[in-house]
file work15.csv (CSV, C-alpha atoms)
chain,number,residue,atom,x,y,z
W,15,MET,CA,-8.8,23.0,-18.2
W,16,PRO,CA,-7.3,25.3,-15.6
W,17,SER,CA,-3.6,25.5,-15.0
W,18,LEU,CA,-1.2,26.7,-12.3
W,19,ALA,CA,2.4,27.6,-12.4
W,20,CYS,CA,5.0,25.1,-11.3
W,21,SER,CA,7.0,26.6,-8.5
W,22,VAL,CA,10.2,24.8,-9.6
W,23,CYS,CA,10.4,25.5,-13.3
W,24,GLY,CA,7.5,27.9,-14.0
W,25,ALA,CA,5.8,25.7,-16.6
W,26,ASP,CA,2.0,25.4,-16.7
W,27,VAL,CA,0.6,22.5,-14.7
W,28,ASP,CA,-2.7,21.5,-16.0
W,29,VAL,CA,-5.4,20.6,-13.5
W,30,PRO,CA,-8.5,18.6,-14.5
W,31,SER,CA,-11.7,20.6,-14.5
W,32,ASP,CA,-13.2,18.2,-12.0
W,33,VAL,CA,-10.1,18.2,-9.8
W,34,MET,CA,-10.6,17.1,-6.2
W,35,ASP,CA,-8.9,18.5,-3.1
W,36,GLY,CA,-5.9,16.3,-2.5
W,37,GLU,CA,-5.4,15.2,-6.1
W,38,ILE,CA,-1.9,14.5,-7.3
W,39,VAL,CA,-0.7,16.3,-10.4
W,40,SER,CA,2.7,16.5,-12.1
W,41,CYS,CA,4.5,19.2,-13.9
W,42,PRO,CA,4.8,18.1,-17.6
W,43,SER,CA,8.1,20.0,-17.8
W,44,CYS,CA,10.2,19.1,-14.7
W,45,GLY,CA,8.1,16.2,-13.3
W,46,THR,CA,7.6,17.8,-9.8
W,47,LYS,CA,4.6,16.3,-8.2
W,48,TYR,CA,2.0,18.4,-6.4
W,49,ILE,CA,-1.1,17.9,-4.3
W,50,VAL,CA,-3.9,20.2,-5.3
W,51,ARG,CA,-5.3,22.1,-2.3
W,52,ILE,CA,-8.7,23.7,-2.7
W,53,ASN,CA,-9.6,26.2,0.0
W,54,ASN,CA,-12.7,28.5,-0.3
W,55,GLY,CA,-12.7,27.9,-4.0
W,56,GLN,CA,-9.0,28.9,-4.3
W,57,MET,CA,-6.7,26.3,-5.9
W,58,LEU,CA,-3.1,26.0,-4.7
W,59,LEU,CA,-0.3,23.6,-5.5
W,60,GLU,CA,1.6,22.0,-2.6
W,61,GLU,CA,4.7,20.1,-3.4
W,62,PHE,CA,4.2,16.4,-2.9
W,63,LYS,CA,7.2,15.0,-1.1
W,64,GLY,CA,5.9,11.4,-1.2
W,65,ASP,CA,6.6,11.1,2.5
W,66,VAL,CA,3.2,10.0,3.6
W,67,GLU,CA,3.1,6.4,4.8
W,68,ASP,CA,1.6,4.6,1.9
W,69,TYR,CA,0.6,1.4,0.3
W,70,GLY,CA,2.6,1.9,-2.8
W,71,GLU,CA,3.2,-0.5,-5.6
O,1021,MET,CA,-24.7,6.2,1.8
O,1022,LEU,CA,-21.0,5.5,1.3
O,1023,HIS,CA,-18.2,7.8,2.5
O,1024,PHE,CA,-15.1,7.7,0.3
O,1025,LEU,CA,-12.4,8.6,2.7
O,1026,TYR,CA,-9.1,9.7,1.3
O,1027,ASP,CA,-6.1,12.0,1.8
O,1028,ILE,CA,-4.6,12.0,-1.6
O,1029,VAL,CA,-6.2,11.3,-5.0
O,1030,ARG,CA,-4.1,9.1,-7.2
O,1031,LEU,CA,-5.2,7.3,-10.4
O,1032,ASP,CA,-6.3,4.4,-8.2
O,1033,GLU,CA,-8.8,6.6,-6.4
O,1034,ARG,CA,-10.0,8.1,-9.7
O,1035,LEU,CA,-10.7,4.7,-11.1
O,1036,LEU,CA,-12.6,3.6,-8.0
O,1037,LEU,CA,-14.7,6.8,-7.9
O,1038,LYS,CA,-15.5,6.3,-11.6
O,1039,GLU,CA,-16.8,2.8,-10.9
O,1040,PHE,CA,-18.9,3.9,-7.9
O,1041,HIS,CA,-20.4,6.7,-10.0
O,1042,ARG,CA,-21.1,4.3,-12.9
O,1043,ARG,CA,-23.2,2.2,-10.5
O,1044,ASN,CA,-25.0,5.3,-9.2
O,1045,VAL,CA,-23.8,4.6,-5.7
O,1046,ASP,CA,-24.8,7.4,-3.2
O,1047,ILE,CA,-21.2,8.4,-2.4
O,1048,ALA,CA,-19.6,11.4,-0.7
O,1049,PRO,CA,-15.9,11.9,-1.0
O,1050,ILE,CA,-14.3,13.2,2.2
O,1051,ASN,CA,-10.7,14.4,2.4
O,1052,VAL,CA,-9.8,13.5,6.0
O,1053,GLN,CA,-6.5,15.4,5.7
O,1054,SER,CA,-8.3,18.7,5.0
O,1055,ASP,CA,-11.5,18.5,7.0
O,1056,PRO,CA,-11.9,18.0,10.8
O,1057,VAL,CA,-13.4,14.6,11.4
O,1058,ASP,CA,-16.3,14.6,13.9
O,1059,VAL,CA,-16.5,11.5,16.1
O,1060,GLY,CA,-20.3,11.6,16.1
O,1061,PRO,CA,-22.4,8.8,14.7
O,1062,ARG,CA,-22.8,8.6,10.9
O,1063,ASP,CA,-25.3,6.8,8.8
O,1064,ALA,CA,-22.7,5.7,6.3
O,1065,LEU,CA,-20.3,2.9,5.4
O,1066,GLY,CA,-16.6,4.1,5.2
O,1067,PHE,CA,-14.6,3.1,2.2
O,1068,VAL,CA,-11.1,3.8,3.4
O,1069,ARG,CA,-8.6,5.0,0.8
O,1070,VAL,CA,-6.4,6.9,3.2
O,1071,ALA,CA,-2.8,6.5,2.2
O,1072,SER,CA,-1.4,7.4,5.6
O,1073,ARG,CA,-1.5,4.0,7.4
O,1074,TYR,CA,-2.1,5.4,10.9
O,1075,ASN,CA,-4.8,7.8,9.7
O,1076,ALA,CA,-6.5,5.0,7.9
O,1077,LEU,CA,-6.7,3.1,11.1
O,1078,LEU,CA,-8.2,6.0,12.9
O,1079,VAL,CA,-11.0,6.6,10.4
O,1080,SER,CA,-11.6,2.9,9.9
O,1081,TYR,CA,-12.3,2.5,13.6
O,1082,LEU,CA,-14.6,5.5,13.7
O,1083,TYR,CA,-16.8,4.0,10.9
O,1084,GLU,CA,-16.8,0.6,12.6
O,1085,ALA,CA,-17.7,2.0,16.0
O,1086,ARG,CA,-20.0,4.9,15.0
O,1087,GLY,CA,-21.1,4.2,11.5
O,1088,LEU,CA,-22.2,1.3,9.3
O,1089,GLY,CA,-18.8,-0.3,9.0
O,1090,SER,CA,-15.5,0.1,7.2
O,1091,ILE,CA,-13.9,-1.4,4.0
O,1092,ASN,CA,-11.4,-2.7,4.7
O,1093,SER,CA,-12.2,-3.5,8.3
O,1094,PHE,CA,-10.2,-2.0,11.1
O,1095,THR,CA,-8.8,-5.4,12.0
O,1096,ALA,CA,-7.7,-6.1,8.4
O,1097,LEU,CA,-6.0,-2.7,8.2
O,1098,ALA,CA,-4.4,-3.1,11.6
O,1099,LEU,CA,-3.0,-6.5,10.7
O,1100,ALA,CA,-1.7,-5.2,7.3
O,1101,HIS,CA,-0.5,-2.0,8.8
O,1102,ASP,CA,2.8,-3.3,10.3
O,1103,LYS,CA,5.0,-5.7,8.4
O,1104,PHE,CA,5.9,-7.6,11.5
O,1105,VAL,CA,2.3,-8.0,12.6
O,1106,THR,CA,1.4,-9.1,9.1
O,1107,HIS,CA,4.2,-11.6,9.2
O,1108,VAL,CA,2.9,-13.1,12.5
O,1109,ALA,CA,-0.7,-13.2,11.1
O,1110,LEU,CA,0.5,-15.0,8.0
O,1111,ALA,CA,2.6,-17.5,10.0
O,1112,ARG,CA,-0.4,-18.1,12.2
O,1113,HIS,CA,-2.5,-19.1,9.2
O,1114,GLY,CA,0.2,-21.3,7.7
O,1115,VAL,CA,1.2,-19.0,4.9
O,1116,ASP,CA,4.9,-19.3,4.0
O,1117,THR,CA,7.1,-16.2,4.6
O,1118,PRO,CA,10.8,-15.5,4.6
O,1119,ARG,CA,12.5,-16.3,7.9
O,1120,SER,CA,12.4,-13.2,10.0
O,1121,TYR,CA,13.3,-11.6,13.4
O,1122,LEU,CA,11.8,-8.6,15.1
O,1123,ALA,CA,14.7,-6.3,16.1
O,1124,LEU,CA,14.0,-3.6,18.6
O,1125,SER,CA,17.6,-2.6,19.2
O,1126,GLU,CA,20.9,-2.4,17.3
O,1127,ARG,CA,22.1,-5.4,19.2
O,1128,ALA,CA,19.0,-7.4,18.2
O,1129,MET,CA,19.5,-6.3,14.6
O,1130,GLU,CA,23.1,-7.5,14.6
O,1131,ARG,CA,22.3,-10.8,16.3
O,1132,GLY,CA,19.3,-11.4,13.9
O,1133,SER,CA,21.5,-10.8,10.9
O,1134,MET,CA,24.3,-13.1,12.2
O,1135,GLU,CA,21.7,-15.8,12.8
O,1136,LEU,CA,20.3,-15.5,9.3
O,1137,GLY,CA,23.7,-15.0,7.6
O,1138,PHE,CA,24.8,-12.4,5.1
O,1139,PRO,CA,23.3,-10.9,3.0
O,1140,SER,CA,20.1,-10.2,4.9
O,1141,ILE,CA,17.4,-7.6,4.6
O,1142,VAL,CA,16.7,-5.1,7.3
O,1143,LYS,CA,13.6,-3.0,7.0
O,1144,PRO,CA,11.4,-0.9,9.3
O,1145,THR,CA,8.2,-2.5,10.3
O,1146,ASP,CA,6.2,0.3,8.7
O,1147,GLY,CA,6.6,2.1,5.3
O,1148,SER,CA,6.6,1.0,1.7
O,1149,TRP,CA,7.6,1.7,-1.8
O,1150,GLY,CA,10.8,0.0,-0.8
O,1151,ARG,CA,12.0,3.0,1.3
O,1152,PHE,CA,14.5,2.4,4.1
O,1153,VAL,CA,14.8,-1.2,3.1
O,1154,SER,CA,18.4,-2.2,3.3
O,1155,LEU,CA,20.4,-5.1,2.0
O,1156,VAL,CA,23.0,-5.9,4.6
O,1157,ARG,CA,26.1,-7.7,3.3
O,1158,SER,CA,28.5,-7.4,6.2
O,1159,PRO,CA,28.8,-6.3,9.9
O,1160,GLY,CA,30.1,-3.0,8.5
O,1161,ASP,CA,26.8,-2.4,6.7
O,1162,LEU,CA,25.0,-3.1,9.9
O,1163,ALA,CA,27.1,-0.4,11.7
O,1164,THR,CA,26.1,2.2,9.0
O,1165,LEU,CA,22.5,1.1,9.3
O,1166,ALA,CA,22.5,1.5,13.1
O,1167,LYS,CA,23.8,5.0,12.7
O,1168,HIS,CA,21.0,5.8,10.2
O,1169,ARG,CA,18.5,4.2,12.6
O,1170,ARG,CA,19.6,6.6,15.3
O,1171,LEU,CA,19.2,9.5,12.9
O,1172,THR,CA,15.8,8.6,11.7
O,1173,GLY,CA,14.5,7.7,15.2
O,1174,ARG,CA,12.9,4.5,13.9
O,1175,SER,CA,12.9,1.8,16.5
O,1176,ALA,CA,11.2,-1.4,15.1
O,1177,TYR,CA,12.9,-3.4,12.4
O,1178,ILE,CA,12.4,-6.7,10.7
O,1179,VAL,CA,15.6,-8.6,10.0
O,1180,GLN,CA,14.8,-11.0,7.2
O,1181,GLU,CA,16.5,-13.7,5.2
O,1182,PHE,CA,17.5,-12.6,1.7
O,1183,VAL,CA,15.5,-14.7,-0.6
O,1184,ARG,CA,17.3,-15.9,-3.8
O,1185,LYS,CA,14.7,-14.9,-6.4
O,1186,PRO,CA,14.5,-14.0,-10.0
O,1187,ASN,CA,14.9,-10.3,-10.8
O,1188,ARG,CA,11.2,-9.9,-10.1
O,1189,ASP,CA,8.5,-10.2,-7.5
O,1190,ILE,CA,4.8,-10.3,-7.7
O,1191,ARG,CA,1.9,-8.0,-6.8
O,1192,ALA,CA,-1.4,-9.8,-6.7
O,1193,ILE,CA,-4.7,-8.1,-6.2
O,1194,VAL,CA,-7.1,-10.3,-4.3
O,1195,VAL,CA,-10.8,-9.4,-4.1
O,1196,GLU,CA,-12.9,-11.6,-1.7
O,1197,ASP,CA,-11.7,-15.1,-2.6
O,1198,ARG,CA,-10.3,-14.5,-6.0
O,1199,MET,CA,-7.0,-13.2,-7.4
O,1200,VAL,CA,-8.4,-10.8,-10.0
O,1201,GLY,CA,-5.0,-9.8,-11.4
O,1202,ALA,CA,-1.3,-10.0,-10.8
O,1203,ILE,CA,1.9,-8.6,-12.2
O,1204,TYR,CA,5.5,-9.5,-12.1
O,1205,ARG,CA,7.5,-6.4,-11.1
O,1206,VAL,CA,10.7,-6.8,-13.0
O,1207,ASN,CA,13.8,-4.8,-12.1
O,1208,GLU,CA,17.2,-5.4,-13.7
O,1209,GLY,CA,19.0,-2.7,-11.8
O,1210,ASP,CA,17.7,-2.8,-8.2
O,1211,TRP,CA,17.0,-5.8,-6.0
O,1212,ARG,CA,14.0,-3.9,-4.7
O,1213,THR,CA,11.2,-4.5,-7.2
O,1214,ASN,CA,8.5,-2.0,-6.4
O,1215,THR,CA,7.1,-0.3,-9.5
O,1216,ALA,CA,7.6,3.0,-7.7
O,1217,ARG,CA,11.4,2.2,-8.1
O,1218,GLY,CA,11.1,1.9,-11.8
O,1219,SER,CA,10.3,-1.8,-12.1
O,1220,LYS,CA,8.5,-3.0,-15.3
O,1221,ALA,CA,5.1,-4.4,-14.8
O,1222,VAL,CA,4.5,-7.7,-16.7
O,1223,PRO,CA,1.1,-9.5,-16.4
O,1224,VAL,CA,1.1,-12.9,-14.7
O,1225,GLY,CA,-1.0,-15.4,-16.7
O,1226,GLU,CA,-3.0,-18.3,-15.3
O,1227,ALA,CA,-1.4,-19.3,-12.0
O,1228,ARG,CA,-3.5,-21.5,-9.8
O,1229,GLU,CA,-0.8,-22.1,-7.1
O,1230,LEU,CA,0.0,-18.4,-6.9
O,1231,GLU,CA,-3.7,-17.6,-6.5
O,1232,GLU,CA,-4.1,-20.1,-3.7
O,1233,VAL,CA,-1.3,-18.6,-1.7
O,1234,ALA,CA,-2.4,-15.0,-2.4
O,1235,VAL,CA,-6.0,-15.7,-1.3
O,1236,ARG,CA,-4.9,-17.5,1.8
O,1237,ALA,CA,-2.6,-14.5,2.7
O,1238,SER,CA,-5.5,-12.0,2.2
O,1239,ARG,CA,-7.8,-14.2,4.3
O,1240,ALA,CA,-5.1,-14.3,7.0
O,1241,VAL,CA,-5.7,-10.6,7.7
O,1242,GLY,CA,-9.4,-10.7,6.9
O,1243,ALA,CA,-9.3,-8.2,4.0
O,1244,LEU,CA,-12.3,-7.8,1.6
O,1245,TYR,CA,-9.6,-6.8,-1.0
O,1246,SER,CA,-5.9,-6.4,-0.7
O,1247,GLY,CA,-2.6,-6.2,-2.6
O,1248,VAL,CA,-0.4,-9.2,-1.8
O,1249,ASP,CA,3.4,-9.0,-2.5
O,1250,LEU,CA,5.1,-12.3,-3.0
O,1251,VAL,CA,8.4,-13.7,-4.2
O,1252,GLU,CA,9.2,-17.0,-5.9
O,1253,SER,CA,11.7,-19.1,-4.0
O,1254,GLU,CA,13.1,-22.6,-3.9
O,1255,ARG,CA,10.5,-23.2,-1.2
O,1256,GLY,CA,7.6,-22.0,-3.4
O,1257,TYR,CA,5.8,-18.6,-3.1
O,1258,LEU,CA,6.7,-16.6,0.0
O,1259,VAL,CA,4.5,-13.7,1.0
O,1260,LEU,CA,6.4,-10.5,1.9
O,1261,GLU,CA,3.6,-8.2,2.8
O,1262,ILE,CA,-0.1,-7.3,2.4
O,1263,ASN,CA,-1.5,-3.9,1.6
O,1264,GLY,CA,-4.9,-3.1,3.0
O,1265,VAL,CA,-5.3,0.1,0.9
O,1266,PRO,CA,-3.4,-1.1,-2.2
O,1267,GLU,CA,-2.5,0.7,-5.3
O,1268,PHE,CA,-3.6,-1.4,-8.3
O,1269,LYS,CA,-3.3,0.9,-11.3
O,1270,ASN,CA,-0.3,-0.9,-12.7
O,1271,VAL,CA,-2.0,-4.3,-12.3
O,1272,GLN,CA,-5.1,-2.9,-14.0
O,1273,GLY,CA,-3.0,-1.2,-16.7
O,1274,SER,CA,-1.0,-4.2,-17.7
O,1275,THR,CA,-3.5,-7.0,-17.3
O,1276,GLY,CA,-6.5,-5.1,-18.8
O,1277,VAL,CA,-8.6,-6.4,-15.9
O,1278,ASN,CA,-11.0,-3.8,-14.5
O,1279,ILE,CA,-9.6,-4.1,-10.9
O,1280,ALA,CA,-11.4,-1.0,-9.7
O,1281,GLY,CA,-14.7,-2.5,-11.0
O,1282,GLU,CA,-14.0,-5.8,-9.1
O,1283,ILE,CA,-13.3,-3.9,-5.9
O,1284,VAL,CA,-16.4,-1.8,-6.2
O,1285,GLU,CA,-18.6,-4.8,-6.9
O,1286,ALA,CA,-17.2,-6.5,-3.8
O,1287,ALA,CA,-17.9,-3.4,-1.7
O,1288,TYR,CA,-21.4,-3.3,-3.1
O,1289,ARG,CA,-22.1,-6.9,-2.2
O,1290,HIS,CA,-20.5,-6.3,1.3
O,1291,ALA,CA,-22.8,-3.2,1.8
O,1292,LYS,CA,-25.9,-5.2,0.9
O,1293,ARG,CA,-25.2,-7.9,3.6

call {"tool": "encode", "arguments": {"input": "work15.csv", "output": "structure tokens"}}
result
Amino acid sequence: MPSLACSVCGADVDVPSDVMDGEIVSCPSCGTKYIVRINNGQMLLEEFKGDVEDYGE
Amino acid sequence: MLHFLYDIVRLDERLLLKEFHRRNVDIAPINVQSDPVDVGPRDALGFVRVASRYNALLVSYLYEARGLGSINSFTALALAHDKFVTHVALARHGVDTPRSYLALSERAMERGSMELGFPSIVKPTDGSWGRFVSLVRSPGDLATLAKHRRLTGRSAYIVQEFVRKPNRDIRAIVVEDRMVGAIYRVNEGDWRTNTARGSKAVPVGEARELEEVAVRASRAVGALYSGVDLVESERGYLVLEINGVPEFKNVQGSTGVNIAGEIVEAAYRHAKR
């Protein structure tokens, strides 16, 4: 399972091996939420502010 | 071919994709946030899981107009998109809702609250997770809210009666003409009971009257499947809102019902028609 560094606390954020572009993942240490962006095979974490309009529970 | 249209992937989308794959459905996930969306014709049914409400409407209309259709339909998503429009659709179909006013100005907000009495609820006609929803206890609260309204630039609000309810509300998932699962969202510390605000999910058992109301509400917007939010009141169940791209993971998790499977089965039946 690949991992990327959390930009807030530096901990490893695990990303599922079959991760999809746009998938939400959380830092296990500080709880920051990220959207995984995949561009030309490169994976990046973009902080998820939760500010999209949504249909949340 | 089915196009699974999304912008973010939550557990809900994962569960749906798993069910589609389990049934060997020919499916292509498309992130409409990352990729340019061509307006050309497409030989596919659009399964809309776009969290941004406005963007969901755009792609839904595209698949209805230039493809094999959209789940949910453009009309269902449009009626569920805006809380006030939903409210009108529900009232039109005889579904009970809290007393409400549309307020397009601060003056209208104030007069609506005075008419309903304090406390009352003021909320923007769009948005969810309980954000920007305010409990107004006095004219002073209204003044603070009006200032906030000027800062956020939001213009359309619903002023709604404050329903005296237990410390919980209900999220029901309706698929076609059945309520396939429902939870109480219990919150001891916040009058807003969204699970996103830390409410506890407790499964609702057999509830025929609740099912009847939830199904009528979902039908009122013409949804193939939906999330219906309700409260218990002295007047019976009142419907607060309907979600056309609902999250359901908490309902699935606490009831043990395979909600994703139910939705995918309904989509499959719909596609075969």

call {"tool": "residues_around", "arguments": {"input": "work15.csv", "residues": "Lys47 in chain W", "least_positions_apart": "5", "cutoff": "6 Å", "atoms": "only C-alpha atoms", "output": "NGL selection string"}}
result
:W and (39-40 or 62)

call {"tool": "write_last_selection", "arguments": {"input": "work15.csv", "atoms": "C-alpha atoms", "output": "CSV table (one decimal), in the frame of the given file"}}
result
chain,number,residue,atom,x,y,z
W,39,VAL,CA,-0.7,16.3,-10.4
W,40,SER,CA,2.7,16.5,-12.1
W,62,PHE,CA,4.2,16.4,-2.9

call {"tool": "closest_residue", "arguments": {"input": "work15.csv", "among": "W:Met15, W:Met57, W:Cys41, W:Met34", "to": "chain O", "atoms": "all atoms listed in the file"}}
result
W:Met34

call {"tool": "residues_near_point", "arguments": {"input": "work15.csv", "point": "(-16.0, -3.3, -8.2)", "cutoff": "12 Å", "atoms": "all atoms listed in the file", "output": "count of residues only"}}
result
30

call {"tool": "residues_near_point", "arguments": {"input": "work15.csv", "point": "(-7.2, 22.7, -13.3)", "cutoff": "10 Å", "atoms": "only C-alpha atoms", "output": "list in words"}}
result
Met15, Pro16, Ser17, Leu18, Val27, Asp28, Val29, Pro30, Ser31, Asp32, Val33, Met34, Val39, Val50 and Met57 of chain W

call {"tool": "closest_residue", "arguments": {"input": "work15.csv", "among": "W:Ile38, W:Leu58, W:Ala19, W:Ile52", "to": "chain O", "atoms": "only C-alpha atoms"}}
result
W:Ile38

call {"tool": "closest_residue", "arguments": {"input": "work15.csv", "among": "O:Leu1155, O:Ala1192, O:Val1224, O:Val1105", "to": "Thr1275 in chain O", "atoms": "only C-alpha atoms"}}
result
O:Val1224

call {"tool": "residues_around", "arguments": {"input": "work15.csv", "residues": "Glu1261 in chain O", "least_positions_apart": "6", "cutoff": "12 Å", "atoms": "all atoms listed in the file", "output": "ChimeraX atom specification"}}
result
/W:69-71 /O:1099-1111,1115-1118,1145-1150,1178,1189-1192,1234,1237-1238,1240-1241,1246-1251

call {"tool": "closest_residue", "arguments": {"input": "work15.csv", "among": "W:Asn54, W:Tyr48, W:Gly36, W:Gly24", "to": "chain O", "atoms": "only C-alpha atoms"}}
result
W:Gly36

call {"tool": "atom_distance", "arguments": {"input": "work15.csv", "atom1": "CA of Leu1031 in chain O", "atom2": "CA of Arg1239 in chain O"}}
result
26.2 Å

call {"tool": "atom_distance", "arguments": {"input": "work15.csv", "atom1": "CA of Arg1127 in chain O", "atom2": "CA of Ile1141 in chain O"}}
result
15.5 Å

call {"tool": "atom_distance", "arguments": {"input": "work15.csv", "atom1": "CA of Thr1164 in chain O", "atom2": "CA of Arg1188 in chain O"}}
result
27.1 Å

call {"tool": "residues_around", "arguments": {"input": "work15.csv", "residues": "Val1068 in chain O", "least_positions_apart": "6", "cutoff": "8 Å", "atoms": "all atoms listed in the file", "output": "list in words"}}
result
Phe1024, Leu1025, Tyr1026, Ala1076, Val1079, Ser1080, Ser1090, Ile1091, Asn1092 and Val1265 of chain O

call {"tool": "residues_around", "arguments": {"input": "work15.csv", "residues": "Ser21 in chain W", "least_positions_apart": "5", "cutoff": "9 Å", "atoms": "all atoms listed in the file", "output": "VMD selection string"}}
result
chain W and resid 46 59 61
